[in-house]
Every structure is written in C-alpha cells, then in structure tokens.
Amino acid sequence: MALKIVKGSIDRMFDKNLQDLVRGIRNHKEDEAKYISTCIDEIKQELKQDNIAVKSNAVCKLTYLQMLGYDVSWAAFNIVEVMSSSKFTYKRIGYLAASQCFHESTDVIMLTTNQIRKDLSSPNQYDTGVALTGLSCFVTPDLARDLANDIMTLMSHTKPYIRKKAVLIMYKVFLKYPESLRPAFPRMKEKLEDPDPGVQSAAVNVICELARRNPKNYLSLAPLFFKLMTSSTNNWVLIKIIKLFGALTPLEPRLGKKLIEPLTNLIHSRILLCLSSVAVLISLSSGMPNHSASIQGLCIVPRPLSVLSLFIVKYLGLLAMSKILKTHPKSVQSHKDLILQCLDDKDESIRLRALDLLYGMVSKKNLMEIVKKLMLHVDKAEGTTYRDELLTKIIDICSQSNYQYITNFEWYISILVELTRLEGTRHGHLIASQMLDVAIRVKAIRAFAVAQMATLLDNAHLLTGNTQHNGICEVLYAAAWICGEFSEHLEDPMATLEAMLRPKVATLPGHIQAVYVQNAAKLFSTVLRGQEGAPADSKVAQETSQLLIDRLPVFVQSANLEVQERASCILQLVKYIQKLQQKDVEVAEEVTALFAGELNPVAPKAQKKVPVPEGLDLDAWINEPPSGSESEDEGRKTKTKGKAVFAKEESRHTKPRYTEVDEKELAKRREVRKAEQANNPFYIKASPSSQKVYQEAVGVEHIPVVQIDLSVPLKVPGMPMSDQYVKQEEERREKNKADRKKKDKKKRREKGRQRRGDSGPESEEDITPAHMVDIVTEEMPENALPSDDDDKDPNDPHKVCDIQGNLHDGSQVVVSVIFENKCDSFIKSMEFNVMDSLNSKLQRPEGAGPHDSLTVPFQLPPGISNEARFIFSMQSIVMPQKLKGTLTFIVKVSWSCSPQRWLITTMCHLASTRRGRTKVGKMNLESGHVLLIWTRKSKRLRWYYRWREEREIQRWKYPWRI
Amino acid sequence: MIKFLLMVNKQGQTRLSKYYEQVDIEKRPSLETDVVKRCLSRKKEECSFVEYKDFKLVYRQYAALFIVVGISDTENELSIYELVHNFVEVLDKYFSRVVTQIMFNLDKVHIIIDEIIQNGHIVETNKNRILAPLLALDKMAEAH
C-alpha cells in the first residue's frame, strides 16, 4: 500500500498540471486540436488512478478545457468523486468543476445530495462556503427541496461569511422550489437588519429580485428599506433599494412624498446613483398631483448630456430619458434637438439609444421633420448594419400603432420609394411588406401608389443593377403585385405590362418572377377591357395577346416550378383568348372575372383564433406509417383513418377513448355555443358592413378635409421627392389654420360671448390628415375566440413565488376523491399516497410511517364510482403548492392478475385573496377547472382539478377514467 | 442580474468564462466570439456599454485584457462598470500586477470571482474580505 502511494506520487511528478497545460496549448498553436486530444487521453488515464491528488489535478485541467469549449460531461462522475474528497484543496477543485460543468439535466447531481449536506454542516467555514457557491450554479428542484432546510439553518450561522452566501442562494432555492418561500421569508426579513453589511446587501439583493416581480406583497417592508436607504453607504446596495422603491411607489403614493427629499440629496451627492434615482423620481411624480419632483429630476438629466462630455454619462442620460419618456413624453420632446445631435455621435451604442428615443417621441406634428433628419443620416451613414438599423427604425416610427402619426400617405410612399435606392440593404422585404400594407389598407392612396410602383417597375434595372442577390429586389415583388391588383388605377397599363415582361426579369429570384407572371395576367385583363371598351380595335387587342405569347415562353422554361406552372397556365389561356379574338368574340368581361373580388388583409393572429372543430385530432395519423407486420390490413385502416379527419360519423373509431361524447351531445353543445356567441357582445363577427361602421365611428364628415390640388409631382432624378411633401404639408397646415380661424371668427361673431379656447399653438388634434384615410381593419376568422391571453408567458418561474394572505396554522383540508372505473376490468387494492411537502401533510393512521400509503377502503367493479376522503393538515394553503403523489392499484384482467402501477403527479394551485384586513384567515379559493388527461405513451396521469370553498373543507372532484 | 463574465485577450481568445445562466456548451464559443467581436471593434472614446440581443454588455479594457460582463436589462450599468474595476483591483492586489499569473492560476481567479459574485448578484466588494479565503488556502498549502 505504502509502495503504491510512493509510486503514485512519483508518477505525479511527470503529470502535467494546469500551468503546463496552458503553456502547452500556447506552444502548439498549429496543431492545437491534436495536442488537446492527447491531453484528454492523458486525463482519462489519470482519472482511472486511485490517487485523489492526481484525480483533482486532472479535473482541474478538465475545467480549463471545458472553458475552451470541449465537452467534458463524460467526467461528471469523477468530478463528484473529487467533490467528496475530505481535503479542502481538492474539494474546491471538484466544486469549481461542478459549478462550471453541471446543469439541471446532469444526472449525477442526484448523487451529490448527501455530500453537499455534509459539506454544508461542516465545521470549516470554507467547506460550507464552497458548497454554497457551487450549489448556486447547479441547484435543481430536487436539490432545492432536499436542502432547503439545511440552507435555512445556515442563514443564522454565526459567521457572516456563511450567512451572506446562504441568504443569497435562497433566491435560487425559491425559484426552483417555491414552497420554501413562505417558511423562509420571516428569516429573510430579519437578515435585512443583520449587523454585517455583507449579509444585509445579500438580503436586499434577494428581496429586490423577488419584489420586482410582485411588488405588492413587499409593501410592508418599505419602512425598513427606507431606513436602509438613509443609513447605508454601499452604493451597490443603494442602487438596488432605489430600484425597489421605483416598483413600490406606484402602489403606495404616500411613499413618494417621503422619498423625494432623501433621493434628491442622493442625486446631488453621487453621480453614480443619479440616473437610477431620476427614473424613480419620475415614476413617483406620476402618481402625485404636483410635479415638483419631476421638474427637479429633469433639470438634472440634461446636465450629463450637455455639460459632461463623458460618453458613458451620455449613454446613461439617454437611457434615463427613455424611461422618463414613458411617463412624461412632453418634457423629453423639448430636448429633441439634443437627441438629434446624438445621432451624429461616433458611438454606435449612443446612436442606437437616440434612435430608440426618437421612436417614442414622434407625433403627428414632428413626424415628417424627424424622418427627414433620419433620411439625411441614412445617406451619410457608413456601414450597412447601422444603415439597416436606421431603415427599420424609420419604418417602425412611421408604421407604429397602425400608422397613427402619418397624416400624408403620399409622403410615406415616396419615403419608401426613396429607401429603395439604398444599396445593399437587407431589408428589401420589410419595405416591400410596408408598401403592400399601405396600398391595401389605405384605399385613398392606391392611385398614387400604383403610379409610383409603375415607375419602380420601369426602372427595375436600377434596383437589380449591381448584384442580383441584394435584398432590395424584394421591392419589385410588392411593386408588381400592387400594379397588378390595382391595375384600374394605372395610367398606361400597356407600358407597365411591357415593363413586366422584359427578358431581364428572368434573372430575378423565382418567387418574384412568379408574382410578375401572375400580375402580368391581371394587367392583361385590364388592358383588354380598356381596348374593347373603346371602339372595336381588335388589332391592338390581338397585338397585346401576341406580346404575351411572345414573352411568356421565357418563363415557361424557368427552373422555378411555380414560375413554370403559372407561366404555362397563363400562356395557354392567352393563346385561347387570341383564338377567340380572331373570331371577334368579346372576352374582356370573362378575363376580368378571373381576378374579380377584393383581397383584404388578414390579422396576424387570425389563424390561431380559428377554433379546432370538435372531434378533429390534428395529431392523428392520416395515413398510418407503414409497418411490416401490419401490411395486410393497412389499406383498410388507412381508409377509415383518412376519413375520420373529415367525416364526423366515422370519427368515433379513431377518437381517443376518453372523449366519449355522442352525437346528440355534440349537437347540443354546438347549439349552446352558438347561442352564447350571439349573446356575447365581444364576439367578433365578420359582417360585410363592418368597414362602414368603422368609418362612421371615426366621424369622417366632421373632419374638415381640404381638397388640395395635388398634381402628381414630376420625378426629377436625383432629387428626393419627400421634401416637397414636407413643404406642402406645412402650407396645408397653415391654410387649414387660417380656414379654421376664419370659421372661428365667424362663429364668435355669430354667437357673441361664447367662450372659445385660443387657437394659439397648434395642438395634435388640429392637424387633419391630407387624405380621407380609411385604414382597413384586419379580418378575423368567423368564429374566432375573443380571448387575448396569448401574450402571457407561462414559463415565468416567478409567478409561483407569490405570497398572499394568511391562514391560521394547522388547518385541515378534506380532499374527497371520486374514483370511477371506466374500463371493463375489476380494480382492487388501491393505495393512495402523497409525499409530504414543507407545509402540507397527508394524515395517516397512528403507527404508520411517514411514507406509508393509505388504502382506499373499497374496490371498484367496472362502471362503478365511489368516493374516498383524505385529510391533509396544512400550515398554509394560500400559496401555490405542488403535491406529488402516487396511486397504486391492481387491475384484474380476465386472463391474469397483473399489478399495474401508475404515477400520479398533481399540481395544486391554491390562490386566495384577502377581503380586507379584518377577515384575515378566511379563504376565498379561486375555482379552476377539472380535467384529467391520460397520456398513453408516458403512461402518466395528469390531473387538473377544481377547488371549491366550503368553509374549511374543500371538495376535490375529478372523473377517474382508465 | 449578471448573466456571464468573460476575460478575453486582444486576439479575442477567451481566458476565463463564468456563466450564471445555463448556456449550452455547444453555443458558448459562438456566443463568446460574437460578444468579443462587438467589444473589440469599439474605439477607446466610445462608451463601455453595448446592447446585444436581449441583454447588455459592459466591458472595460486593461492593457491587453478585456473584461466583458453580460447583464440583464434591470441591472444598473454603471454599478457593473465599477464592479469590473473593483475586480481588477483585487486581481492586482493578489497577483501583484503580473498578468501572466492570472492565466496560469485560473482556479484562484475563479475563487475570487465566486467571492464577489454569487448566482448573478454582487455579494462582496471589500477587497480584504474577498481575498480572505484565498489567503487561508495559500496558508494551508504552505503548511503541507
């Protein structure tokens, strides 16, 4: 044995340590991968040895390699071995490796539970410390549940070093195991007043994080935090506290008044804190009648922007401004010039921040001005990423909240057209979709848009000029579609048709060609109608057809299938039309009929809102996947399955057994649903008159629309057109104002002493849109569900950390469970068990162990149901808790007696609301829903159930089906 | 909260990484190169904050060494900016200004980081207290 140890230590002398490894990798720059793979082989050898020193050295090297991006999960077990070493020098390497490599799905973590528990209670404070630090990196729900108590005791350890770490790790434990929050909370609160500043700051950290999600529950801690804020000297802690107050003040306005003084003091004394405090001040003032605080705050914000040229402060100033913008948009708007200056900054971060601010600052009045400035920047901007960012921001700014700020859509279209001249942008698609959106939804603009698009198509060679693959040619997609769909507005459809069928089009991407071909057909129909309407000049009409017949074959040969198909379809059609034309038959009407009907925009959520018809199982196979053994009856099966998706009569075969609803029931439900929909005022029905209603609601008649004679501006190459609109717009507004003044005067004269506000500065409402803008609302499916909860994030781990209300201790909850046997077999020997959690316990007969299960006192013949009651003693049932339980039973099948075991996992979500302070202790449980789903594959039952309040007794009912 | 801490050299090689939010080991190298590229390309007179995807990067340069911290939106940028400096001062104090030492003693740097930051939050900013466990460890090693 001794010899072995000596031998081991001699071997060790030749082993590489971390330093050697680092140096080695540096010296093997050319063949790094090869060198590392030999190193890994060596490490594998070292890990096989018994000597813990060698092992820890190997693990240390693995940690380094892991950092370089090599997967070392194969060594997880060895890491656990090193972790369990008794010597701190080795143990810390193990924990370091674990904290770097382990994550929730690492399976060996289960093995560490006892080791960690041992380390946590070790007399050496560094053992405990290293265990706590490691645990914070890889804690799992299981570890959290098992170790919650141990960590909780550590929170009142004698050494502050341990206390602060334990306090901080509790946050992770709360996230993973929310049940621990309630019992641990009082102690956490105590730690806020801990004599050691480190522990204090840790507790502040944890509570701030918790409170950010749920500020209401932490309002009672406000006085404590107030004391901390005035006494603490730690800036990092102060920042956290100030942020916390920012969340609390909207809930308790009185708090705001108290805070103003200390906060303003802080602002003046410490620049570090300045910006976060300003943000809080602003949120304070929003809840208060007098705005003195906000004025004070605002005086400070511009200071860093203008006086201090420090770029960091500049950035933070802009950041703070964006926060102020949310509550006090007007006060930020006065700094518009300052912000526009920031757009010229060398620093990209600052420019992006400034752009963000502009987005929130636009109004009807300044939109054109701001966009004009941005367009200048687009021209100047170097580097495509920033330019693309500018482009998207321009479009965002203009299109925000349904084009709310755009008063002149002709201007917007010309801006979009100008943007297409950018070289090498990636956002052609974005511009295209905006063009489509505006052209479809703003009816008044279509004539103008079509004219613009026709010019675009005519100059398509400019867009596709340099490189074929640049994104801007996407715009042609929109242009072609708009010209085709609204071809009745075209001045010279023939010319556009000609432009769309140039041979060069064949070099465009496939999907654009397809649109070209399809819309050429639409244009063709318009051209035909125009020509036939005129005194019959069949020759011209035939020439048009000939043009198509000549040009389309290029597309028929296209490599893109869609282009091919559309082109050959249309080619045949045109050939047929030509034949008819030669016989002097009028075809225009019929050709137009091909493209009759208007396309309306569809809401983005529309597809999701279509309810799945009852009995339709989208996951069912339409065709059973081929399997060797069942090939004989596959045909038959496929037939029934295939039908089942569509035909209701057949669907009962394929329906999973648990949805046994007969036809009558279905019909009844449908009736009920229809009646409900008819009565529901929120139910959206797509009625043809909806657009009309919308117009009336806006009250178009009441808006004085000034007819301006807008001749379509001649396009001068090289000169941006949108500037003209800015000018026009200004003139128009002036005229408007003058008109209104005249009217006002008249009225005043007529009505004598009627009080009227001065028309002084132009306000938002005074600006009338240049066009009668009818923004077509998006269509929704006929029987959409009017729910709007799609945006909630179900994955937020914090929603479970929710303390509400109180309850006296030791309450009992009687849970009555109805078991119903729905299968054809006999069920017996049912045993029910629920694992005890921190504050709920299943009451068992005396003498039974804490893990014994309860026998359900009856057996279940097929089709029979019976009720069993279980009593839980609860310390608190007002917070959500998760009960894990099992139900074991034996199913007696005719041919054998096979025991079946099912694992039941239940999730009890109990929430209560206090009805005022006097009634603490009374529960008012929210009702949920009862549903039981048995997934066959995982052989697992999922329960969702309902709690109802009946004094102290809750009945828990659910149908039991097997 | 702090999402990760990186130490990289001017060539963009990662010298040390510490994650406080689980990131797949396969995704780490691409994230790191992307992050480092953004910070390295910036000039000295530009501000130390970069917005990146859904979080922010705060970085500081010390000679050839860059320290990059990824933080969530709710964290105060300036406080992290100062924290980085604090961290570097601790490193200076322990390794007495020898940068190469940092490279070869990564495990010790890890101990320092663990003392300062725990599960994404700042625990300790006092230099002496940060170094206390490390000095105790060194004493133990000498005793052997």
# chains A, B, ... in the order shown; residues from 1 in each chain; ligands from 1

call {"tool": "interface_residues", "arguments": {"of": "chain A", "to": "chain B", "cutoff": "7 Å", "atoms": "only C-alpha atoms", "output": "mmCIF file with all heavy atoms, in the first residue's frame"}}
result
data_model
loop_
_atom_site.group_PDB
_atom_site.id
_atom_site.type_symbol
_atom_site.label_atom_id
_atom_site.label_comp_id
_atom_site.auth_asym_id
_atom_site.auth_seq_id
_atom_site.Cartn_x
_atom_site.Cartn_y
_atom_site.Cartn_z
ATOM 1 N N LEU A 18 -2.032 22.249 -14.391
ATOM 2 C CA LEU A 18 -2.776 23.231 -15.195
ATOM 3 C C LEU A 18 -1.836 24.178 -15.934
ATOM 4 O O LEU A 18 -2.014 24.453 -17.112
ATOM 5 C CB LEU A 18 -3.738 24.010 -14.287
ATOM 6 C CG LEU A 18 -4.576 25.060 -15.011
ATOM 7 C CD1 LEU A 18 -5.479 24.425 -16.028
ATOM 8 C CD2 LEU A 18 -5.395 25.861 -14.013
ATOM 9 N N GLN A 19 -0.792 24.631 -15.199
ATOM 10 C CA GLN A 19 0.145 25.558 -15.831
ATOM 11 C C GLN A 19 0.758 24.961 -17.090
ATOM 12 O O GLN A 19 0.873 25.609 -18.115
ATOM 13 C CB GLN A 19 1.275 25.931 -14.864
ATOM 14 C CG GLN A 19 1.024 27.207 -14.108
ATOM 15 C CD GLN A 19 0.607 26.927 -12.689
ATOM 16 O OE1 GLN A 19 -0.079 25.936 -12.442
ATOM 17 N NE2 GLN A 19 1.022 27.779 -11.769
ATOM 18 N N VAL A 22 -1.738 24.929 -19.930
ATOM 19 C CA VAL A 22 -1.928 26.243 -20.545
ATOM 20 C C VAL A 22 -0.742 26.576 -21.429
ATOM 21 O O VAL A 22 -0.877 27.015 -22.573
ATOM 22 C CB VAL A 22 -2.115 27.317 -19.455
ATOM 23 C CG1 VAL A 22 -2.185 28.695 -20.079
ATOM 24 C CG2 VAL A 22 -3.360 27.047 -18.654
ATOM 25 N N MET A 67 -13.789 25.233 -20.474
ATOM 26 C CA MET A 67 -13.923 26.658 -20.762
ATOM 27 C C MET A 67 -13.558 26.960 -22.209
ATOM 28 O O MET A 67 -14.092 27.864 -22.820
ATOM 29 C CB MET A 67 -13.023 27.435 -19.828
ATOM 30 C CG MET A 67 -13.319 28.886 -19.744
ATOM 31 S SD MET A 67 -11.923 29.708 -19.034
ATOM 32 C CE MET A 67 -10.774 29.668 -20.373
ATOM 33 N N GLY A 69 -14.324 25.180 -24.546
ATOM 34 C CA GLY A 69 -15.412 24.718 -25.402
ATOM 35 C C GLY A 69 -15.416 23.222 -25.659
ATOM 36 O O GLY A 69 -16.070 22.750 -26.575
ATOM 37 N N ASP A 71 -16.428 19.385 -24.599
ATOM 38 C CA ASP A 71 -17.458 18.756 -23.777
ATOM 39 C C ASP A 71 -16.795 17.792 -22.803
ATOM 40 O O ASP A 71 -16.077 16.878 -23.214
ATOM 41 C CB ASP A 71 -18.435 18.003 -24.674
ATOM 42 C CG ASP A 71 -19.552 17.390 -23.861
ATOM 43 O OD1 ASP A 71 -19.828 17.925 -22.782
ATOM 44 O OD2 ASP A 71 -20.135 16.397 -24.313
ATOM 45 N N HIS A 103 -25.313 21.116 -14.979
ATOM 46 C CA HIS A 103 -26.531 21.909 -15.106
ATOM 47 C C HIS A 103 -27.706 21.011 -14.744
ATOM 48 O O HIS A 103 -27.508 19.845 -14.420
ATOM 49 C CB HIS A 103 -26.665 22.498 -16.500
ATOM 50 C CG HIS A 103 -26.415 21.511 -17.587
ATOM 51 N ND1 HIS A 103 -27.403 20.732 -18.108
ATOM 52 C CD2 HIS A 103 -25.268 21.150 -18.206
ATOM 53 C CE1 HIS A 103 -26.881 19.951 -19.033
ATOM 54 N NE2 HIS A 103 -25.595 20.179 -19.108
ATOM 55 N N TYR A 126 -14.972 27.400 5.184
ATOM 56 C CA TYR A 126 -14.686 27.432 3.747
ATOM 57 C C TYR A 126 -15.297 26.237 3.034
ATOM 58 O O TYR A 126 -15.704 26.345 1.879
ATOM 59 C CB TYR A 126 -13.187 27.536 3.504
ATOM 60 C CG TYR A 126 -12.649 28.861 3.981
ATOM 61 C CD1 TYR A 126 -11.668 28.957 4.949
ATOM 62 C CD2 TYR A 126 -13.199 30.030 3.470
ATOM 63 C CE1 TYR A 126 -11.220 30.194 5.399
ATOM 64 C CE2 TYR A 126 -12.758 31.276 3.918
ATOM 65 C CZ TYR A 126 -11.769 31.348 4.878
ATOM 66 O OH TYR A 126 -11.349 32.573 5.310
ATOM 67 N N THR A 133 -21.439 28.114 -2.837
ATOM 68 C CA THR A 133 -21.163 28.750 -4.121
ATOM 69 C C THR A 133 -21.438 27.776 -5.259
ATOM 70 O O THR A 133 -22.045 28.131 -6.266
ATOM 71 C CB THR A 133 -19.698 29.204 -4.195
ATOM 72 O OG1 THR A 133 -19.351 29.757 -2.946
ATOM 73 C CG2 THR A 133 -19.494 30.203 -5.275
ATOM 74 N N SER A 136 -25.090 27.133 -5.905
ATOM 75 C CA SER A 136 -25.826 28.208 -6.581
ATOM 76 C C SER A 136 -25.771 28.044 -8.088
ATOM 77 O O SER A 136 -26.616 28.560 -8.797
ATOM 78 C CB SER A 136 -25.276 29.564 -6.178
ATOM 79 O OG SER A 136 -24.051 29.792 -6.819
ATOM 80 N N CYS A 137 -24.775 27.321 -8.585
ATOM 81 C CA CYS A 137 -24.657 27.164 -10.028
ATOM 82 C C CYS A 137 -25.474 25.987 -10.550
ATOM 83 O O CYS A 137 -25.892 25.985 -11.691
ATOM 84 C CB CYS A 137 -23.202 26.982 -10.433
ATOM 85 S SG CYS A 137 -22.249 28.455 -10.195
ATOM 86 N N GLY A 198 -22.447 42.905 4.620
ATOM 87 C CA GLY A 198 -22.468 41.934 3.525
ATOM 88 C C GLY A 198 -23.761 41.144 3.493
ATOM 89 O O GLY A 198 -24.374 40.958 2.446
ATOM 90 N N ALA A 202 -26.813 41.152 0.755
ATOM 91 C CA ALA A 202 -27.313 39.924 0.130
ATOM 92 C C ALA A 202 -28.823 39.835 0.270
ATOM 93 O O ALA A 202 -29.540 39.510 -0.685
ATOM 94 C CB ALA A 202 -26.653 38.705 0.767
ATOM 95 N N TRP A 236 -23.717 50.015 -4.204
ATOM 96 C CA TRP A 236 -24.358 48.921 -4.936
ATOM 97 C C TRP A 236 -25.687 48.544 -4.300
ATOM 98 O O TRP A 236 -26.640 48.240 -4.977
ATOM 99 C CB TRP A 236 -23.425 47.715 -4.991
ATOM 100 C CG TRP A 236 -22.347 47.880 -6.014
ATOM 101 C CD1 TRP A 236 -22.491 47.752 -7.351
ATOM 102 C CD2 TRP A 236 -20.981 48.207 -5.796
ATOM 103 N NE1 TRP A 236 -21.295 47.983 -7.979
ATOM 104 C CE2 TRP A 236 -20.348 48.262 -7.059
ATOM 105 C CE3 TRP A 236 -20.221 48.464 -4.653
ATOM 106 C CZ2 TRP A 236 -18.995 48.555 -7.212
ATOM 107 C CZ3 TRP A 236 -18.879 48.746 -4.813
ATOM 108 C CH2 TRP A 236 -18.264 48.800 -6.080
ATOM 109 N N LEU A 272 -23.113 58.454 -9.523
ATOM 110 C CA LEU A 272 -23.341 57.049 -9.827
ATOM 111 C C LEU A 272 -24.805 56.677 -9.647
ATOM 112 O O LEU A 272 -25.371 55.910 -10.406
ATOM 113 C CB LEU A 272 -22.474 56.184 -8.902
ATOM 114 C CG LEU A 272 -22.669 54.682 -8.982
ATOM 115 C CD1 LEU A 272 -22.023 54.139 -10.226
ATOM 116 C CD2 LEU A 272 -22.089 54.006 -7.768
ATOM 117 N N PHE A 311 -18.672 60.062 -22.476
ATOM 118 C CA PHE A 311 -19.574 59.277 -23.315
ATOM 119 C C PHE A 311 -20.414 58.302 -22.515
ATOM 120 O O PHE A 311 -21.530 57.994 -22.882
ATOM 121 C CB PHE A 311 -18.801 58.547 -24.404
ATOM 122 C CG PHE A 311 -17.406 58.154 -24.017
ATOM 123 C CD1 PHE A 311 -17.165 57.003 -23.322
ATOM 124 C CD2 PHE A 311 -16.343 58.985 -24.342
ATOM 125 C CE1 PHE A 311 -15.879 56.665 -22.957
ATOM 126 C CE2 PHE A 311 -15.063 58.647 -23.979
ATOM 127 C CZ PHE A 311 -14.828 57.485 -23.288
ATOM 128 N N ILE A 312 -19.858 57.842 -21.395
ATOM 129 C CA ILE A 312 -20.629 56.902 -20.593
ATOM 130 C C ILE A 312 -21.861 57.585 -20.028
ATOM 131 O O ILE A 312 -22.972 57.066 -20.082
ATOM 132 C CB ILE A 312 -19.772 56.355 -19.440
ATOM 133 C CG1 ILE A 312 -18.742 55.406 -19.991
ATOM 134 C CG2 ILE A 312 -20.639 55.677 -18.404
ATOM 135 C CD1 ILE A 312 -17.769 54.924 -18.993
ATOM 136 N N ASP A 347 -20.275 57.044 -31.596
ATOM 137 C CA ASP A 347 -20.511 55.786 -30.898
ATOM 138 C C ASP A 347 -21.849 55.164 -31.304
ATOM 139 O O ASP A 347 -22.901 55.791 -31.237
ATOM 140 C CB ASP A 347 -20.526 56.079 -29.393
ATOM 141 C CG ASP A 347 -20.504 54.816 -28.592
ATOM 142 O OD1 ASP A 347 -20.889 53.778 -29.144
ATOM 143 O OD2 ASP A 347 -20.096 54.876 -27.429
ATOM 144 N N SER A 349 -23.529 52.707 -29.879
ATOM 145 C CA SER A 349 -24.463 52.488 -28.773
ATOM 146 C C SER A 349 -25.293 53.734 -28.518
ATOM 147 O O SER A 349 -26.495 53.660 -28.300
ATOM 148 C CB SER A 349 -23.715 52.133 -27.487
ATOM 149 O OG SER A 349 -23.145 50.870 -27.601
#

call {"tool": "select_by_dssp", "arguments": {"residues": "chain B", "states": "helix (DSSP H, G or I)", "output": "ChimeraX atom specification"}}
result
/B:28-40,77-95,99-104,106-116,127-143

call {"tool": "residues_around", "arguments": {"residues": "segment 431-433 of chain A", "least_positions_apart": "4", "cutoff": "9 Å", "atoms": "only C-alpha atoms", "output": "list in words"}}
result
Leu391, Thr392, Ile395, Leu416, Val417, Leu419, Thr420, His427, Asp437, Val438, Ile472, Glu474, Val475, Leu476, Tyr477, Ala478 and Ala479 of chain A

call {"tool": "residues_around", "arguments": {"residues": "Ser99 of chain A", "least_positions_apart": "3", "cutoff": "7 Å", "atoms": "only C-alpha atoms", "output": "list in words"}}
result
Tyr95, Leu96, Phe102, Gly134, Cys137 and Phe138 of chain A

call {"tool": "select_by_dssp", "arguments": {"residues": "chain B", "states": "strand (DSSP E)", "output": "MDAnalysis selection string"}}
result
chainID B and resid 2:9 14:19 49:52 55:62 65:71 117:118 121:122

call {"tool": "atom_distance", "arguments": {"atom1": "atom CA of Glu491 of chain A", "atom2": "atom CA of Gln531 of chain A"}}
result
13.4 Å

call {"tool": "closest_residue", "arguments": {"among": "B:Val69, B:Met7, B:Leu131, B:Val35", "to": "Tyr94 of chain B", "atoms": "only C-alpha atoms"}}
result
B:Leu131

call {"tool": "atom_distance", "arguments": {"atom1": "atom CA of Trp74 of chain A", "atom2": "atom CA of Ile93 of chain A"}}
result
16.9 Å

call {"tool": "closest_residue", "arguments": {"among": "A:Met368, A:Val527, A:Leu62, A:Val515", "to": "Glu562 of chain A", "atoms": "only C-alpha atoms"}}
result
A:Val515

call {"tool": "closest_residue", "arguments": {"among": "B:Arg38, B:Lys53, B:Lys3, B:Lys93", "to": "Asn128 of chain B", "atoms": "only C-alpha atoms"}}
result
B:Lys93

call {"tool": "atom_distance", "arguments": {"atom1": "atom CA of Pro253 of chain A", "atom2": "atom CA of Phe225 of chain A"}}
result
16.0 Å

call {"tool": "residues_around", "arguments": {"residues": "Tyr516 of chain A", "least_positions_apart": "4", "cutoff": "7 Å", "atoms": "only C-alpha atoms", "output": "list in words"}}
result
Ala480, Met500, Ile512 and Ala520 of chain A

call {"tool": "write_last_selection", "arguments": {"atoms": "C-alpha atoms", "output": "tab-separated table (two decimals), in the first residue's frame"}}
result
chain	number	residue	atom	x	y	z
A	480	ALA	CA	-45.58	44.05	-59.36
A	500	MET	CA	-43.05	43.47	-66.53
A	512	ILE	CA	-40.60	37.44	-57.67
A	520	ALA	CA	-48.94	40.32	-65.96

call {"tool": "closest_residue", "arguments": {"among": "B:Val99, B:Cys39, B:Leu6, B:Ala64", "to": "Ile113 of chain B", "atoms": "only C-alpha atoms"}}
result
B:Leu6

call {"tool": "residues_around", "arguments": {"residues": "Ala567 of chain A", "least_positions_apart": "2", "cutoff": "8 Å", "atoms": "only C-alpha atoms", "output": "ChimeraX atom specification"}}
result
/A:514,517-518,552-553,555-556,563-565,569-571

call {"tool": "write_last_selection", "arguments": {"atoms": "N, CA and C atoms", "output": "PDB file, in the first residue's frame"}}
result
ATOM      1  N   ALA A 514     -42.572  34.726 -60.245  1.00  0.00           N
ATOM      2  CA  ALA A 514     -43.921  34.157 -60.187  1.00  0.00           C
ATOM      3  C   ALA A 514     -44.953  35.274 -60.040  1.00  0.00           C
ATOM      4  N   VAL A 517     -45.367  37.140 -63.330  1.00  0.00           N
ATOM      5  CA  VAL A 517     -46.159  36.431 -64.334  1.00  0.00           C
ATOM      6  C   VAL A 517     -47.639  36.534 -64.001  1.00  0.00           C
ATOM      7  N   GLN A 518     -47.955  36.267 -62.747  1.00  0.00           N
ATOM      8  CA  GLN A 518     -49.357  36.273 -62.346  1.00  0.00           C
ATOM      9  C   GLN A 518     -49.961  37.661 -62.551  1.00  0.00           C
ATOM     10  N   LEU A 552     -43.896  35.130 -72.813  1.00  0.00           N
ATOM     11  CA  LEU A 552     -44.077  34.146 -71.733  1.00  0.00           C
ATOM     12  C   LEU A 552     -43.194  32.892 -71.865  1.00  0.00           C
ATOM     13  N   PRO A 553     -42.892  32.424 -73.027  1.00  0.00           N
ATOM     14  CA  PRO A 553     -42.098  31.183 -73.103  1.00  0.00           C
ATOM     15  C   PRO A 553     -40.808  31.226 -72.287  1.00  0.00           C
ATOM     16  N   PHE A 555     -40.483  32.333 -69.386  1.00  0.00           N
ATOM     17  CA  PHE A 555     -40.824  31.918 -68.018  1.00  0.00           C
ATOM     18  C   PHE A 555     -41.216  30.451 -67.955  1.00  0.00           C
ATOM     19  N   VAL A 556     -41.794  29.978 -69.056  1.00  0.00           N
ATOM     20  CA  VAL A 556     -42.179  28.558 -69.070  1.00  0.00           C
ATOM     21  C   VAL A 556     -40.944  27.688 -68.888  1.00  0.00           C
ATOM     22  N   VAL A 563     -42.982  29.411 -61.120  1.00  0.00           N
ATOM     23  CA  VAL A 563     -42.959  30.289 -62.284  1.00  0.00           C
ATOM     24  C   VAL A 563     -43.409  29.489 -63.499  1.00  0.00           C
ATOM     25  N   GLN A 564     -42.825  28.296 -63.618  1.00  0.00           N
ATOM     26  CA  GLN A 564     -43.145  27.426 -64.742  1.00  0.00           C
ATOM     27  C   GLN A 564     -44.643  27.192 -64.837  1.00  0.00           C
ATOM     28  N   GLU A 565     -45.210  26.803 -63.699  1.00  0.00           N
ATOM     29  CA  GLU A 565     -46.616  26.419 -63.703  1.00  0.00           C
ATOM     30  C   GLU A 565     -47.504  27.608 -64.045  1.00  0.00           C
ATOM     31  N   CYS A 569     -49.693  28.005 -67.548  1.00  0.00           N
ATOM     32  CA  CYS A 569     -51.133  28.184 -67.389  1.00  0.00           C
ATOM     33  C   CYS A 569     -51.607  29.420 -68.154  1.00  0.00           C
ATOM     34  N   ILE A 570     -50.902  30.517 -67.884  1.00  0.00           N
ATOM     35  CA  ILE A 570     -51.338  31.789 -68.462  1.00  0.00           C
ATOM     36  C   ILE A 570     -51.092  31.794 -69.968  1.00  0.00           C
ATOM     37  N   LEU A 571     -50.014  31.154 -70.363  1.00  0.00           N
ATOM     38  CA  LEU A 571     -49.714  31.099 -71.793  1.00  0.00           C
ATOM     39  C   LEU A 571     -50.856  30.420 -72.548  1.00  0.00           C
TER      40      LEU A 571
END

call {"tool": "closest_residue", "arguments": {"among": "B:Val36, B:Lys44, B:Gln11, B:Lys139", "to": "Gly70 of chain B", "atoms": "only C-alpha atoms"}}
result
B:Val36

call {"tool": "residues_around", "arguments": {"residues": "Ile67 of chain B", "least_positions_apart": "4", "cutoff": "8 Å", "atoms": "only C-alpha atoms", "output": "PyMOL selection string"}}
result
chain B and resi 5-8+59-62+84

call {"tool": "write_last_selection", "arguments": {"atoms": "C-alpha atoms", "output": "PDB file, in the first residue's frame"}}
result
ATOM      1  CA  LEU B   5     -18.370  37.246 -17.079  1.00  0.00           C
ATOM      2  CA  LEU B   6     -15.648  36.844 -19.666  1.00  0.00           C
ATOM      3  CA  MET B   7     -11.967  37.638 -19.663  1.00  0.00           C
ATOM      4  CA  VAL B   8     -10.509  37.810 -23.134  1.00  0.00           C
ATOM      5  CA  TYR B  59     -16.768  45.979 -20.839  1.00  0.00           C
ATOM      6  CA  ARG B  60     -13.508  47.510 -19.731  1.00  0.00           C
ATOM      7  CA  GLN B  61     -10.080  47.223 -21.174  1.00  0.00           C
ATOM      8  CA  TYR B  62      -6.939  46.807 -19.099  1.00  0.00           C
ATOM      9  CA  VAL B  84     -15.271  45.328 -13.017  1.00  0.00           C
TER      10      VAL B  84
END
